[in-house]
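To start, the structure itself, in structure tokens.
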Amino acid sequence: MRIGQKTQRTRVWARRGSRPRQVADLRTGCAYLFGAICPQRQTGAAIVMQRADTQGMQHHLDEISAHVSAGAHAVLVLDQAGWHTTQKLKKPDNITFLPLPPRSPELNPAENVWEYLRGRWLSNHVFKDYDAILDAACDAWNRLIAEPNRIRSLGSRQWAFCGEA
């Protein structure tokens, strides 16, 4: 997920008929939050990088792998981004990729996570500088991780459920 100075505007609660003011920033500094959640264990792993590229994805895979329980195996749902599908990635032994069909973001549980983070903590802000962007990204992720039931609700998919019956 891209987080930056050119922030997205989201809907806000306001009195009917009024036009609430929202801040906007046209600068282009940004960071990328690479995150993955496990709805069953109600936890997640993330890193914040300066670019969304193969190197960032490799660091993300290493971080996820380190968070997988001993003896367990993770299934990572991925869209068709170039840094997700490149053969240059060294896939950890405890992770299996589940690529989604092209142009199907509704199947990716991570899209709900990004929407939640933007709507709750990352939209309608002007970030002072790059460090403020990093702080906001880390703070938003840590707040999500502190809500285990939210992780389960955002990430659960009936078609992907493999827990106890």
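Chain labels A, B, ... are given in the sequence in which chains occur in the structure tokens; within each chain residues are numbered consecutively from 1, and ligands are likewise numbered from 1 in the order shown.
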
- prompt: Within 7 Å of region 85-92 of chain A, counting only C-alpha atoms, which residues qualify if same-chain residues fewer than 6 places away don't, as number ranges by chain?
  reply: A: 54, 58, 65

- request: Going by DSSP on the backbone, which bits of region 4-164 of chain A are strand (DSSP E)? Write them as a PyMOL selection string, please.
  value: chain A and resi 4+30-38+43-49+74-78+95-99

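Between CA of Arg2 (chain A) and CA of Asp129 (chain A) the separation is 14.9 Å.
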
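Counting only C-alpha atoms, the residue from A:Ala72, A:Ala14, A:Ala140, A:Ala110 that sits nearest to Ile37 (chain A) is A:Ala110.
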
message: For a quick check of understanding, using only C-alpha atoms, which of A:Ala31, A:Leu144, A:Ile3, A:Ala136 has the smallest distance to Thr43 (chain A)?
response: A:Leu144

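Atom pair CA of Ala46 (chain A) / CA of Trp141 (chain A): separated by 7.7 Å.
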
- request: Find the distance between CA of Arg103 (chain A) and CA of Asp53 (chain A) and write it in Å to one decimal.
  value: 19.3 Å

query: Excluding same-chain residues fewer than 5 positions from Leu154 (chain A), what lies within 12 Å of it counting only C-alpha atoms, as JSON, numbers by chain?
result: {"A": [36, 37, 38, 39, 40, 42, 43, 44, 108, 109, 110, 111, 112, 113, 114, 115, 116, 117, 144, 145, 147, 148, 149]}

task: List the neighbours of Ile47 (chain A) out to 8 Å using only C-alpha atoms; skip same-chain residues closer than 6 positions along the sequence, and give me the result as a ChimeraX atom specification.
output: /A:33-35,59-60,63

- request: Within region 2-153 of chain A, find each residue whose DSSP state, derived from the backbone, is alpha helix (DSSP H), and express the selection as a ChimeraX atom specification.
  value: /A:54-67,82-85,109-117,130-145,148-153
